[in-house]
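Colleague: Structure supplied as work-v7.tsv; contents: TSV, C-alpha atoms.
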chain	number	residue	atom	x	y	z
A	194	MET	CA	3.63	10.70	13.98
A	195	GLN	CA	0.21	9.98	12.54
A	196	TYR	CA	-1.30	6.48	12.44
A	197	LYS	CA	-3.89	4.86	10.20
A	198	GLU	CA	-5.60	1.48	10.18
A	199	LEU	CA	-4.09	-0.88	7.62
A	200	GLY	CA	-6.92	-2.38	5.62
A	201	ARG	CA	-9.06	-4.61	7.81
A	202	THR	CA	-6.10	-5.93	9.81
A	203	GLY	CA	-6.67	-3.84	12.90
A	204	PHE	CA	-3.02	-2.69	12.72
A	205	GLU	CA	-2.66	1.04	13.39
A	206	VAL	CA	0.49	1.79	11.41
A	207	SER	CA	2.69	4.85	11.19
A	208	SER	CA	2.01	7.09	8.19
A	209	ILE	CA	5.76	7.11	7.58
A	210	SER	CA	6.99	3.55	7.78
A	211	PHE	CA	10.33	1.98	6.89
A	212	GLY	CA	11.26	0.25	3.64
A	213	ALA	CA	14.07	-2.24	4.27
A	214	TRP	CA	15.17	-2.87	0.68
A	215	ALA	CA	18.14	-0.51	0.98
A	216	ILE	CA	19.53	-2.21	4.09
A	217	GLY	CA	19.28	-5.60	2.43
A	218	GLY	CA	21.03	-5.13	-0.89
A	219	THR	CA	21.14	-3.75	-4.47
A	220	TRP	CA	21.53	-0.20	-3.17
A	221	GLY	CA	25.30	-0.30	-2.86
A	222	GLU	CA	27.40	-1.35	0.09
A	223	VAL	CA	25.51	-2.27	3.26
A	224	ASP	CA	26.70	-1.32	6.74
A	225	ASP	CA	24.85	-3.44	9.29
A	226	SER	CA	25.83	-1.26	12.24
A	227	GLU	CA	24.39	1.83	10.58
A	228	ALA	CA	21.36	-0.15	9.42
A	229	MET	CA	20.60	-1.14	13.00
A	230	ARG	CA	20.99	2.46	14.14
A	231	CYS	CA	18.45	3.41	11.47
A	232	LEU	CA	16.00	0.78	12.65
A	233	HIS	CA	16.35	1.80	16.28
A	234	ARG	CA	15.97	5.49	15.42
A	235	ALA	CA	12.84	4.73	13.42
A	236	LEU	CA	11.29	3.06	16.46
A	237	ASP	CA	12.34	6.01	18.63
A	238	LEU	CA	10.45	8.35	16.30
A	239	GLY	CA	7.23	6.35	16.31
A	240	VAL	CA	7.65	4.16	13.22
A	241	ASN	CA	5.92	0.86	13.89
A	242	PHE	CA	5.69	-0.77	10.46
A	243	PHE	CA	8.61	-2.19	8.47
A	244	ASP	CA	8.43	-3.57	4.94
A	245	THR	CA	10.95	-6.13	3.70
A	246	ALA	CA	11.20	-9.16	1.39
A	247	ASP	CA	12.85	-12.55	1.38
A	248	VAL	CA	15.07	-11.53	-1.55
A	249	TYR	CA	16.44	-8.33	0.00
A	250	GLY	CA	20.01	-9.45	0.53
A	251	ASP	CA	18.80	-13.07	0.37
A	252	GLY	CA	16.90	-12.56	3.62
A	253	HIS	CA	19.45	-10.22	5.18
A	254	SER	CA	17.01	-7.41	5.94
A	255	GLU	CA	14.58	-9.92	7.48
A	256	ARG	CA	17.32	-11.08	9.82
A	257	LEU	CA	18.15	-7.48	10.78
A	258	LEU	CA	14.50	-6.96	11.72
A	259	ALA	CA	14.59	-10.13	13.81
A	260	ARG	CA	17.58	-8.67	15.61
A	261	LEU	CA	15.66	-5.43	16.18
A	262	ARG	CA	12.85	-7.40	17.79
A	263	ARG	CA	15.36	-9.07	20.10
A	264	GLU	CA	16.90	-5.74	21.06
A	265	ARG	CA	13.70	-3.74	21.61
A	266	SER	CA	10.48	-4.33	23.48
A	267	ASP	CA	8.53	-1.75	21.44
A	268	PRO	CA	5.70	-3.38	19.49
A	269	PHE	CA	5.93	-3.18	15.71
A	270	TRP	CA	4.74	-5.03	12.63
A	271	VAL	CA	6.76	-6.50	9.79
A	272	ALA	CA	5.48	-7.04	6.27
A	273	THR	CA	7.55	-9.29	4.05
A	274	LYS	CA	7.19	-10.49	0.47
A	275	VAL	CA	7.63	-13.82	-1.30
A	276	GLY	CA	7.69	-15.26	-4.80
A	277	ARG	CA	10.76	-13.84	-6.44
A	278	ARG	CA	13.17	-16.46	-5.14
A	279	SER	CA	12.14	-18.72	-8.01
A	280	SER	CA	14.50	-18.96	-10.95
A	281	PRO	CA	13.22	-18.59	-13.53
A	282	HIS	CA	10.65	-16.22	-12.12
A	283	VAL	CA	7.63	-17.36	-14.11
A	284	LYS	CA	3.96	-17.98	-13.35
A	285	GLU	CA	4.59	-21.74	-13.21
A	286	SER	CA	6.86	-21.21	-10.20
A	287	TYR	CA	3.93	-19.98	-8.07
A	288	THR	CA	3.12	-23.42	-6.70
A	289	ARG	CA	1.83	-24.42	-3.27
A	290	GLU	CA	5.13	-26.14	-2.55
A	291	ASN	CA	7.27	-23.12	-3.44
A	292	LEU	CA	5.14	-20.52	-1.70
A	293	THR	CA	4.87	-22.60	1.47
A	294	ARG	CA	8.63	-23.14	1.48
A	295	TYR	CA	9.29	-19.43	1.03
A	296	VAL	CA	6.95	-18.54	3.89
A	297	GLU	CA	8.67	-21.10	6.14
A	298	ARG	CA	12.01	-19.47	5.34
A	299	CYS	CA	10.61	-16.02	6.22
A	300	LEU	CA	9.39	-17.38	9.55
A	301	LYS	CA	12.88	-18.63	10.27
A	302	ASN	CA	14.59	-15.39	9.18
A	303	LEU	CA	12.22	-13.22	11.20
A	304	GLU	CA	12.23	-15.63	14.17
A	305	VAL	CA	8.44	-15.65	14.53
A	306	GLN	CA	5.68	-18.26	14.58
A	307	SER	CA	3.37	-16.29	12.29
A	308	LEU	CA	4.04	-13.54	9.73
A	309	ASP	CA	2.17	-10.30	10.41
A	310	LEU	CA	1.67	-9.64	6.70
A	311	VAL	CA	3.03	-11.45	3.66
A	312	GLN	CA	2.74	-10.02	0.17
A	313	ILE	CA	3.04	-11.73	-3.18
A	314	HIS	CA	6.10	-10.01	-4.65
A	315	CYS	CA	5.46	-8.47	-8.07
A	316	PRO	CA	4.76	-11.73	-9.88
A	317	PRO	CA	4.08	-12.04	-13.61
A	318	THR	CA	0.71	-10.51	-14.46
A	319	ASP	CA	-0.80	-13.93	-15.23
A	320	VAL	CA	-0.45	-14.94	-11.58
A	321	TYR	CA	-3.22	-12.51	-10.62
A	322	TYR	CA	-5.54	-14.60	-12.79
A	323	MET	CA	-4.66	-17.80	-10.90
A	324	PRO	CA	-7.06	-18.06	-7.93
A	325	GLU	CA	-5.27	-21.16	-6.71
A	326	VAL	CA	-2.27	-19.00	-5.79
A	327	PHE	CA	-4.35	-16.83	-3.48
A	328	GLY	CA	-5.94	-20.01	-2.14
A	329	VAL	CA	-2.50	-21.04	-0.89
A	330	PHE	CA	-2.33	-17.86	1.19
A	331	ASP	CA	-5.84	-18.47	2.50
A	332	ASP	CA	-4.64	-21.88	3.70
A	333	LEU	CA	-1.49	-20.41	5.26
A	334	VAL	CA	-3.69	-18.03	7.23
A	335	LYS	CA	-5.85	-20.95	8.40
A	336	ALA	CA	-2.69	-22.83	9.39
A	337	GLY	CA	-1.56	-19.92	11.54
A	338	LYS	CA	1.66	-19.30	9.62
A	339	VAL	CA	0.38	-15.97	8.25
A	340	ARG	CA	-1.94	-13.46	9.89
A	341	PHE	CA	-2.80	-11.45	6.77
A	342	TYR	CA	-1.74	-11.25	3.14
A	343	GLY	CA	-1.57	-8.71	0.36
A	344	ALA	CA	0.05	-8.06	-3.00
A	345	SER	CA	2.92	-5.91	-4.21
A	346	VAL	CA	2.09	-4.93	-7.79
A	347	GLU	CA	3.82	-3.25	-10.70
A	348	ARG	CA	0.77	-2.17	-12.69
A	349	VAL	CA	-2.66	-0.76	-11.96
A	350	GLU	CA	-4.22	-3.66	-13.88
A	351	GLU	CA	-2.62	-6.12	-11.47
A	352	GLY	CA	-3.86	-4.20	-8.45
A	353	LEU	CA	-7.41	-4.10	-9.75
A	354	LYS	CA	-7.36	-7.84	-10.34
A	355	ALA	CA	-5.86	-8.55	-6.91
A	356	LEU	CA	-8.71	-6.61	-5.29
A	357	GLU	CA	-11.11	-9.32	-6.49
A	358	TYR	CA	-9.71	-11.77	-3.91
A	359	PRO	CA	-11.83	-11.24	-0.79
A	360	GLU	CA	-9.17	-11.88	1.85
A	361	LEU	CA	-6.60	-9.53	0.34
A	362	GLN	CA	-5.78	-6.89	2.95
A	363	THR	CA	-3.15	-4.67	1.31
A	364	LEU	CA	-1.80	-3.46	-1.99
A	365	GLN	CA	1.72	-2.14	-2.33
A	366	VAL	CA	2.31	0.04	-5.37
A	367	ILE	CA	4.75	2.65	-6.64
A	368	PHE	CA	3.13	6.02	-6.04
A	369	ASN	CA	4.83	9.40	-6.01
A	370	VAL	CA	4.93	12.74	-7.83
A	371	LEU	CA	6.36	10.93	-10.88
A	372	ARG	CA	3.88	8.01	-10.80
A	373	GLN	CA	0.40	9.41	-10.20
A	374	ARG	CA	-1.78	6.94	-12.11
A	375	PRO	CA	-2.80	4.72	-9.13
A	376	ALA	CA	-4.83	7.61	-7.69
A	377	GLU	CA	-7.23	7.60	-10.65
A	378	LEU	CA	-8.96	4.24	-10.29
A	379	LEU	CA	-6.96	1.92	-8.06
A	380	PHE	CA	-7.19	4.01	-4.89
A	381	PRO	CA	-10.99	4.47	-5.01
A	382	ARG	CA	-11.46	0.74	-5.66
A	383	ALA	CA	-9.15	-0.17	-2.78
A	384	ALA	CA	-10.97	2.22	-0.46
A	385	GLU	CA	-14.32	0.64	-1.38
A	386	ARG	CA	-12.97	-2.76	-0.37
A	387	LYS	CA	-11.18	-1.44	2.73
A	388	VAL	CA	-7.81	-2.56	1.41
A	389	GLY	CA	-4.76	-0.69	2.69
A	390	ILE	CA	-2.35	1.02	0.28
A	391	LEU	CA	1.40	0.95	0.91
A	392	ALA	CA	3.16	3.55	-1.25
A	393	ARG	CA	6.63	2.36	-2.18
A	394	LEU	CA	9.46	4.37	-3.77
A	395	PRO	CA	7.92	7.59	-2.40
A	396	LEU	CA	11.16	9.45	-3.17
A	397	SER	CA	11.58	7.74	-6.57
A	398	SER	CA	14.89	6.00	-5.81
A	399	GLY	CA	16.31	9.24	-4.43
A	400	MET	CA	15.35	11.41	-7.41
A	401	LEU	CA	12.84	13.38	-5.34
A	402	THR	CA	15.38	14.17	-2.63
A	403	GLY	CA	16.91	16.73	-5.00
A	404	LYS	CA	20.40	15.50	-4.19
A	405	LEU	CA	21.10	13.70	-7.48
A	406	THR	CA	22.78	15.33	-10.48
A	407	SER	CA	23.99	14.37	-13.94
A	408	ALA	CA	27.38	13.72	-12.36
A	409	THR	CA	26.11	11.34	-9.66
A	410	ARG	CA	27.66	7.87	-9.90
A	411	PHE	CA	26.26	4.77	-8.20
A	412	HIS	CA	27.95	1.69	-6.76
A	413	PRO	CA	27.98	-1.24	-9.23
A	414	ASP	CA	25.71	-3.19	-6.83
A	415	ASP	CA	23.17	-0.34	-6.79
A	416	HIS	CA	20.14	-0.98	-9.01
A	417	ARG	CA	20.25	2.68	-9.99
A	418	ALA	CA	23.42	1.82	-11.88
A	419	PHE	CA	22.31	-1.39	-13.60
A	420	ASN	CA	18.50	-1.46	-13.83
A	421	ARG	CA	17.50	1.79	-15.50
A	422	GLU	CA	16.33	-0.11	-18.57
A	423	GLY	CA	14.99	-3.12	-16.66
A	424	ALA	CA	18.01	-5.39	-17.02
A	425	ALA	CA	17.41	-7.15	-13.67
A	426	PHE	CA	13.75	-6.51	-12.81
A	427	ASP	CA	10.93	-4.20	-13.81
A	428	LYS	CA	12.23	-0.88	-15.10
A	429	GLY	CA	9.57	0.91	-13.07
A	430	GLU	CA	11.37	0.02	-9.83
A	431	THR	CA	14.28	2.34	-10.69
A	432	PHE	CA	13.55	6.08	-10.75
A	433	SER	CA	9.88	5.14	-11.25
A	434	GLY	CA	10.73	4.03	-14.79
A	435	PHE	CA	11.28	7.67	-15.74
A	436	ASP	CA	14.33	8.76	-17.73
A	437	TYR	CA	17.08	9.94	-15.37
A	438	GLU	CA	17.90	13.20	-17.15
A	439	ARG	CA	14.23	14.06	-17.64
A	440	GLY	CA	13.73	13.36	-13.95
A	441	LEU	CA	16.42	15.89	-13.06
A	442	GLN	CA	14.64	18.47	-15.19
A	443	VAL	CA	11.33	17.85	-13.43
A	444	VAL	CA	13.05	18.12	-10.06
A	445	GLU	CA	14.28	21.60	-10.99
A	446	LYS	CA	10.71	22.60	-11.81
A	447	LEU	CA	9.57	21.17	-8.47
A	448	ARG	CA	12.15	23.31	-6.68
A	449	GLY	CA	10.49	26.35	-8.15
A	450	LEU	CA	7.15	25.30	-6.68
A	451	LEU	CA	8.35	24.84	-3.12
A	452	PRO	CA	6.64	27.02	-0.53
A	453	THR	CA	8.99	28.88	1.77
A	454	GLY	CA	10.66	26.52	4.22
A	455	MET	CA	9.58	23.29	2.50
A	456	THR	CA	12.14	20.78	1.22
A	457	LEU	CA	11.77	18.48	-1.77
A	458	PRO	CA	11.51	15.33	0.37
A	459	GLU	CA	8.80	17.03	2.42
A	460	LEU	CA	6.91	17.92	-0.75
A	461	ALA	CA	7.21	14.34	-2.01
A	462	LEU	CA	6.07	12.67	1.21
A	463	ARG	CA	3.29	15.16	1.92
A	464	TYR	CA	2.04	14.68	-1.64
A	465	ILE	CA	1.43	11.02	-0.85
A	466	ALA	CA	-0.11	11.86	2.52
A	467	SER	CA	-2.66	13.99	0.66
A	468	PHE	CA	-4.47	10.87	-0.59
A	469	PRO	CA	-6.75	9.38	2.10
A	470	ALA	CA	-6.66	5.93	0.46
A	471	VAL	CA	-2.93	5.63	1.21
A	472	THR	CA	-2.20	4.06	4.58
A	473	CYS	CA	1.50	4.84	4.65
A	474	SER	CA	4.63	5.67	2.69
A	475	ILE	CA	7.55	3.28	3.05
A	476	PRO	CA	10.71	5.27	2.30
A	477	GLY	CA	14.01	3.51	2.76
A	478	ALA	CA	16.99	4.80	4.70
A	479	ARG	CA	20.60	3.79	5.15
A	480	ARG	CA	21.62	6.66	7.44
A	481	VAL	CA	20.05	7.91	10.65
A	482	GLU	CA	19.65	11.43	9.31
A	483	GLN	CA	17.58	10.04	6.44
A	484	VAL	CA	15.22	8.39	8.92
A	485	GLU	CA	14.88	11.64	10.81
A	486	GLN	CA	14.26	13.67	7.65
A	487	ASN	CA	11.65	11.22	6.37
A	488	VAL	CA	9.70	11.20	9.62
A	489	ALA	CA	9.89	14.99	10.03
A	490	ALA	CA	8.79	15.61	6.45
A	491	GLY	CA	6.05	13.04	6.21
A	492	SER	CA	4.41	13.73	9.53
A	493	LYS	CA	3.20	17.20	8.54
A	494	GLY	CA	0.11	16.01	6.69
A	495	ALA	CA	-1.44	16.90	3.35
A	496	LEU	CA	-0.44	19.63	0.91
A	497	ASP	CA	-2.89	22.39	0.08
A	498	GLU	CA	-5.25	21.93	-2.84
A	499	GLY	CA	-3.62	24.58	-4.99
A	500	LEU	CA	-0.21	22.94	-4.82
A	501	LEU	CA	-1.71	19.51	-5.48
A	502	ALA	CA	-3.38	20.88	-8.62
A	503	THR	CA	-0.09	22.33	-9.80
A	504	LEU	CA	1.68	19.01	-9.25
A	505	ALA	CA	-1.03	17.25	-11.25
A	506	GLN	CA	-0.54	19.72	-14.11
A	507	LEU	CA	3.25	19.22	-14.06
A	508	TYR	CA	2.73	15.47	-14.21
A	509	VAL	CA	0.45	15.78	-17.24
A	510	SER	CA	2.83	18.02	-19.15
A	511	ASP	CA	6.24	16.59	-18.25
A	512	VAL	CA	5.84	13.02	-16.99
A	513	LYS	CA	2.61	11.34	-18.05
A	514	PRO	CA	3.52	10.73	-21.72
A	515	PHE	CA	6.48	8.60	-20.66
A	516	VAL	CA	5.15	6.44	-17.78
A	517	HIS	CA	1.35	6.57	-17.52
A	518	HIS	CA	0.55	3.95	-20.16
A	519	ARG	CA	3.11	1.45	-18.88
A	520	TRP	CA	2.15	1.04	-15.23
Give the structure from the file, written as structure tokens.
Modeller:
Amino acid sequence: MQYKELGRTGFEVSSISFGAWAIGGTWGEVDDSEAMRCLHRALDLGVNFFDTADVYGDGHSERLLARLRRERSDPFWVATKVGRRSSPHVKESYTRENLTRYVERCLKNLEVQSLDLVQIHCPPTDVYYMPEVFGVFDDLVKAGKVRFYGASVERVEEGLKALEYPELQTLQVIFNVLRQRPAELLFPRAAERKVGILARLPLSSGMLTGKLTSATRFHPDDHRAFNREGAAFDKGETFSGFDYERGLQVVEKLRGLLPTGMTLPELALRYIASFPAVTCSIPGARRVEQVEQNVAAGSKGALDEGLLATLAQLYVSDVKPFVHHRW
């Protein structure tokens, strides 16, 4: 496992970390026993950074991580996210009272006195133009309830605006073979400000595993069944906002580019590792073998320059016209 410093936090985090959305909810049925086996196996393999949110299973994944901390002495960090508990989820809901209450609930779920890292959770774009919101997090840091804070964004514009807040330590953004735009401007700006990048949906909701087909059917509780057009939250969170059938076609082209012995998940995770501005990928897993595959694939380092250039060309020809302008 490789490790990189996360922003200016001093945390040396695993380049392959663990996204806990899938063990919380909206990815189909959840098996807590298997989820705990996944978390333990991740620690065994050197993963030391776990990303969750207060709305993943209404705090369920946070509570599983609290259980992991009780069961293991290995040191690790947990990043959680707040803001989306509000209904309606509008900029007016980002008040000091609400955000403080949500952080208090995270502290209780995670059974800690201070959150390692809390991220504002994909709020409406207008929130990034409300300095008072980030002032709340500054005060929570001063109060000792939060060690560091960052932002989970949908769009490059939001990330660029978030970087203007001096105490912001991390940006979480969708970045993968099918969503390459953040590398153009956002990554260099983040690197200038020594802000860590957490790459979410590195396997594009499973599309880049190569295991999905036109015949694949998803559980009714799985966002891949109900959110392809953004019915529940931003469309970009499901298959990177890219049309499912088009995605399958791109995957077939990617298969043809694989060097001997390389799998699609390895290609996808090593693509992300090829960008120095990225601190870590945060793939999810609901089975132990997925954890093992993610760590094995992502720990091999960057792709060669020739393959990276080919992937950039494929993006321009087959993907960019459909997603680049939106996020």
Colleague: For CA of His416 in chain A and CA of Gly429 in chain A, determine how far apart the two atoms are, in Å to one decimal place.
Modeller: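 One can read the CA of His416 in chain A to CA of Gly429 in chain A distance as 11.5 Å.
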Colleague: Select all residues near (14.7, -7.8, 2.1) (cut-off 8 Å, inclusive, file coordinates), counting only C-alpha atoms, and output them as a list in words.
Modeller: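 Taken together, the residues in range are Ala213, Trp214, Ile216, Gly217, Gly218, Thr245, Ala246, Asp247, Val248, Tyr249, Gly250, Asp251, Gly252, His253, Ser254, Glu255 and Thr273 of chain A.
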Colleague: Would you list the residues near (-6.3, 6.9, -8.0), meaning any protein, DNA or RNA residue with an atom at most 12 Å from that point in file coordinates, counting all atoms listed in the file, as a list in words?
Modeller: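 Checked against the point, the hits come out as Val349, Gly352, Leu353, Val366, Ile367, Phe368, Asn369, Arg372, Gln373, Arg374, Pro375, Ala376, Glu377, Leu378, Leu379, Phe380, Pro381, Arg382, Ala383, Ala384, Ile390, Ile465, Ser467, Phe468, Pro469, Ala470 and Val471 of chain A.
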Colleague: Any chance you could export the current selection's C-alpha atoms as a PDB file, in the frame of the given file?
Modeller:
ATOM      1  CA  VAL A 349      -2.660  -0.760 -11.960  1.00  0.00           C
ATOM      2  CA  GLY A 352      -3.860  -4.200  -8.450  1.00  0.00           C
ATOM      3  CA  LEU A 353      -7.410  -4.100  -9.750  1.00  0.00           C
ATOM      4  CA  VAL A 366       2.310   0.040  -5.370  1.00  0.00           C
ATOM      5  CA  ILE A 367       4.750   2.650  -6.640  1.00  0.00           C
ATOM      6  CA  PHE A 368       3.130   6.020  -6.040  1.00  0.00           C
ATOM      7  CA  ASN A 369       4.830   9.400  -6.010  1.00  0.00           C
ATOM      8  CA  ARG A 372       3.880   8.010 -10.800  1.00  0.00           C
ATOM      9  CA  GLN A 373       0.400   9.410 -10.200  1.00  0.00           C
ATOM     10  CA  ARG A 374      -1.780   6.940 -12.110  1.00  0.00           C
ATOM     11  CA  PRO A 375      -2.800   4.720  -9.130  1.00  0.00           C
ATOM     12  CA  ALA A 376      -4.830   7.610  -7.690  1.00  0.00           C
ATOM     13  CA  GLU A 377      -7.230   7.600 -10.650  1.00  0.00           C
ATOM     14  CA  LEU A 378      -8.960   4.240 -10.290  1.00  0.00           C
ATOM     15  CA  LEU A 379      -6.960   1.920  -8.060  1.00  0.00           C
ATOM     16  CA  PHE A 380      -7.190   4.010  -4.890  1.00  0.00           C
ATOM     17  CA  PRO A 381     -10.990   4.470  -5.010  1.00  0.00           C
ATOM     18  CA  ARG A 382     -11.460   0.740  -5.660  1.00  0.00           C
ATOM     19  CA  ALA A 383      -9.150  -0.170  -2.780  1.00  0.00           C
ATOM     20  CA  ALA A 384     -10.970   2.220  -0.460  1.00  0.00           C
ATOM     21  CA  ILE A 390      -2.350   1.020   0.280  1.00  0.00           C
ATOM     22  CA  ILE A 465       1.430  11.020  -0.850  1.00  0.00           C
ATOM     23  CA  SER A 467      -2.660  13.990   0.660  1.00  0.00           C
ATOM     24  CA  PHE A 468      -4.470  10.870  -0.590  1.00  0.00           C
ATOM     25  CA  PRO A 469      -6.750   9.380   2.100  1.00  0.00           C
ATOM     26  CA  ALA A 470      -6.660   5.930   0.460  1.00  0.00           C
ATOM     27  CA  VAL A 471      -2.930   5.630   1.210  1.00  0.00           C
TER      28      VAL A 471
END
Colleague: Just checking: using all atoms listed in the file, which residue out of A:Pro316, A:Leu447, A:Val484, A:Arg265 ends up closest to Gln506 in chain A?
Modeller: A:Leu447
Colleague: Using all atoms listed in the file, which protein or nucleic acid residues come within 6 Å of Phe211 in chain A? Drop anything in the same chain fewer than 6 positions from it, and give the result as a short mmCIF file (atom, residue, chain, number, x, y, z; two decimals) with C-alpha atoms, in the frame of the given file.
Modeller:
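The file below, selection11.cif, is the result:
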data_model
loop_
_atom_site.label_atom_id
_atom_site.label_comp_id
_atom_site.auth_asym_id
_atom_site.auth_seq_id
_atom_site.Cartn_x
_atom_site.Cartn_y
_atom_site.Cartn_z
CA PHE A 243 8.61 -2.19 8.47
CA ILE A 475 7.55 3.28 3.05
CA PRO A 476 10.71 5.27 2.30
CA GLY A 477 14.01 3.51 2.76
#
Colleague: Determine the nearest neighbour of Ala235 in chain A from the options A:Lys301, A:Lys493, A:Arg480, A:Arg463, counting all atoms listed in the file.
Modeller: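 Ranked by minimum distance to Ala235 in chain A, first place goes to A:Arg480.
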Colleague: Please determine, counting only C-alpha atoms, which residue among A:Ser407, A:Thr202, A:Ser210, A:Ser433 has the shortest atom-to-atom distance to Gly491 in chain A.
Modeller: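 Going through A:Ser407, A:Thr202, A:Ser210, A:Ser433 one by one, the smallest distance to Gly491 in chain A is for A:Ser210.
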Colleague: Counting all atoms listed in the file, which of A:Gly434, A:Gly403, A:Pro413, A:Pro452 gets nearest to Asp497 in chain A?
Modeller: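 Under the stated criterion, the closest residue is A:Pro452.
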Colleague: Using all atoms listed in the file, which protein or nucleic acid residues come within 7 Å of Trp520 in chain A? Drop anything in the same chain fewer than 3 positions from it, and give the result as a list of chain:residue names.
Modeller: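 The filter keeps A:Glu347, A:Arg348, A:Val349, A:Val516, A:His517.
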Colleague: List the neighbours of His233 in chain A out to 12 Å using all atoms listed in the file; skip same-chain residues closer than 5 positions along the sequence, and give me the result as a list in words.
Modeller: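 Once the nearby chain positions are removed, what remains is Phe211, Ser226, Glu227, Ala228, Leu238, Gly239, Val240, Asn241, Phe243, Leu257, Leu258, Arg260, Leu261, Arg262, Arg263, Glu264, Arg265, Ser266, Asp267, Phe269, Ala478, Arg480, Val481, Val484 and Glu485 of chain A.
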Colleague: I'd like the contact shell of range 318-335 of chain A - 12 Å cut-off, all atoms listed in the file, skipping same-chain residues fewer than 5 positions apart - returned as an mmCIF file with C-alpha atoms, in the coordinates of the input.
Modeller:
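That gives us out-v7.cif:
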data_model
loop_
_atom_site.group_PDB
_atom_site.id
_atom_site.type_symbol
_atom_site.label_atom_id
_atom_site.label_comp_id
_atom_site.auth_asym_id
_atom_site.auth_seq_id
_atom_site.Cartn_x
_atom_site.Cartn_y
_atom_site.Cartn_z
ATOM 1 C CA VAL A 275 7.630 -13.820 -1.300
ATOM 2 C CA GLY A 276 7.690 -15.260 -4.800
ATOM 3 C CA HIS A 282 10.650 -16.220 -12.120
ATOM 4 C CA VAL A 283 7.630 -17.360 -14.110
ATOM 5 C CA LYS A 284 3.960 -17.980 -13.350
ATOM 6 C CA GLU A 285 4.590 -21.740 -13.210
ATOM 7 C CA SER A 286 6.860 -21.210 -10.200
ATOM 8 C CA TYR A 287 3.930 -19.980 -8.070
ATOM 9 C CA THR A 288 3.120 -23.420 -6.700
ATOM 10 C CA ARG A 289 1.830 -24.420 -3.270
ATOM 11 C CA GLU A 290 5.130 -26.140 -2.550
ATOM 12 C CA ASN A 291 7.270 -23.120 -3.440
ATOM 13 C CA LEU A 292 5.140 -20.520 -1.700
ATOM 14 C CA THR A 293 4.870 -22.600 1.470
ATOM 15 C CA ARG A 294 8.630 -23.140 1.480
ATOM 16 C CA TYR A 295 9.290 -19.430 1.030
ATOM 17 C CA VAL A 296 6.950 -18.540 3.890
ATOM 18 C CA GLU A 297 8.670 -21.100 6.140
ATOM 19 C CA GLN A 306 5.680 -18.260 14.580
ATOM 20 C CA SER A 307 3.370 -16.290 12.290
ATOM 21 C CA LEU A 308 4.040 -13.540 9.730
ATOM 22 C CA ASP A 309 2.170 -10.300 10.410
ATOM 23 C CA LEU A 310 1.670 -9.640 6.700
ATOM 24 C CA VAL A 311 3.030 -11.450 3.660
ATOM 25 C CA GLN A 312 2.740 -10.020 0.170
ATOM 26 C CA ILE A 313 3.040 -11.730 -3.180
ATOM 27 C CA ARG A 340 -1.940 -13.460 9.890
ATOM 28 C CA PHE A 341 -2.800 -11.450 6.770
ATOM 29 C CA TYR A 342 -1.740 -11.250 3.140
ATOM 30 C CA GLY A 343 -1.570 -8.710 0.360
ATOM 31 C CA ALA A 344 0.050 -8.060 -3.000
ATOM 32 C CA SER A 345 2.920 -5.910 -4.210
ATOM 33 C CA VAL A 346 2.090 -4.930 -7.790
ATOM 34 C CA GLU A 347 3.820 -3.250 -10.700
ATOM 35 C CA ARG A 348 0.770 -2.170 -12.690
ATOM 36 C CA VAL A 349 -2.660 -0.760 -11.960
ATOM 37 C CA GLU A 350 -4.220 -3.660 -13.880
ATOM 38 C CA GLU A 351 -2.620 -6.120 -11.470
ATOM 39 C CA GLY A 352 -3.860 -4.200 -8.450
ATOM 40 C CA LEU A 353 -7.410 -4.100 -9.750
ATOM 41 C CA LYS A 354 -7.360 -7.840 -10.340
ATOM 42 C CA ALA A 355 -5.860 -8.550 -6.910
ATOM 43 C CA LEU A 356 -8.710 -6.610 -5.290
ATOM 44 C CA GLU A 357 -11.110 -9.320 -6.490
ATOM 45 C CA TYR A 358 -9.710 -11.770 -3.910
ATOM 46 C CA PRO A 359 -11.830 -11.240 -0.790
ATOM 47 C CA GLU A 360 -9.170 -11.880 1.850
ATOM 48 C CA LEU A 361 -6.600 -9.530 0.340
ATOM 49 C CA GLN A 362 -5.780 -6.890 2.950
ATOM 50 C CA TRP A 520 2.150 1.040 -15.230
#
Colleague: With all atoms listed in the file as the basis for distance, which of A:Gly399, A:Gly203, A:Pro281, A:Gly337 is at the shortest distance from Leu300 in chain A?
Modeller: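 Checking each of A:Gly399, A:Gly203, A:Pro281, A:Gly337 against Leu300 in chain A, counting all atoms listed in the file, the winner is A:Gly337.
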Colleague: Please, what distance in Å, to one decimal, runs between CA of Leu394 in chain A and CA of Glu205 in chain A?
Modeller: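 Here the two named atoms are 21.3 Å from each other.
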Colleague: Kindly give the distance, in Å, that separates CA of Val305 in chain A and CA of Leu232 in chain A, rounded to a single decimal.
Modeller: 18.2 Å
Colleague: Neighbours of Leu391 in chain A within 7 Å (all atoms listed in the file; same-chain residues fewer than 2 positions away dropped), as JSON, numbers by chain?
Modeller: {"A": [364, 365, 366, 389, 393, 471, 472, 473, 474, 475]}
Colleague: Emit the selected residues as a PDB file, in the coordinates of the input, including C-alpha atoms.
Modeller:
ATOM      1  CA  LEU A 364      -1.800  -3.460  -1.990  1.00  0.00           C
ATOM      2  CA  GLN A 365       1.720  -2.140  -2.330  1.00  0.00           C
ATOM      3  CA  VAL A 366       2.310   0.040  -5.370  1.00  0.00           C
ATOM      4  CA  GLY A 389      -4.760  -0.690   2.690  1.00  0.00           C
ATOM      5  CA  ARG A 393       6.630   2.360  -2.180  1.00  0.00           C
ATOM      6  CA  VAL A 471      -2.930   5.630   1.210  1.00  0.00           C
ATOM      7  CA  THR A 472      -2.200   4.060   4.580  1.00  0.00           C
ATOM      8  CA  CYS A 473       1.500   4.840   4.650  1.00  0.00           C
ATOM      9  CA  SER A 474       4.630   5.670   2.690  1.00  0.00           C
ATOM     10  CA  ILE A 475       7.550   3.280   3.050  1.00  0.00           C
TER      11      ILE A 475
END
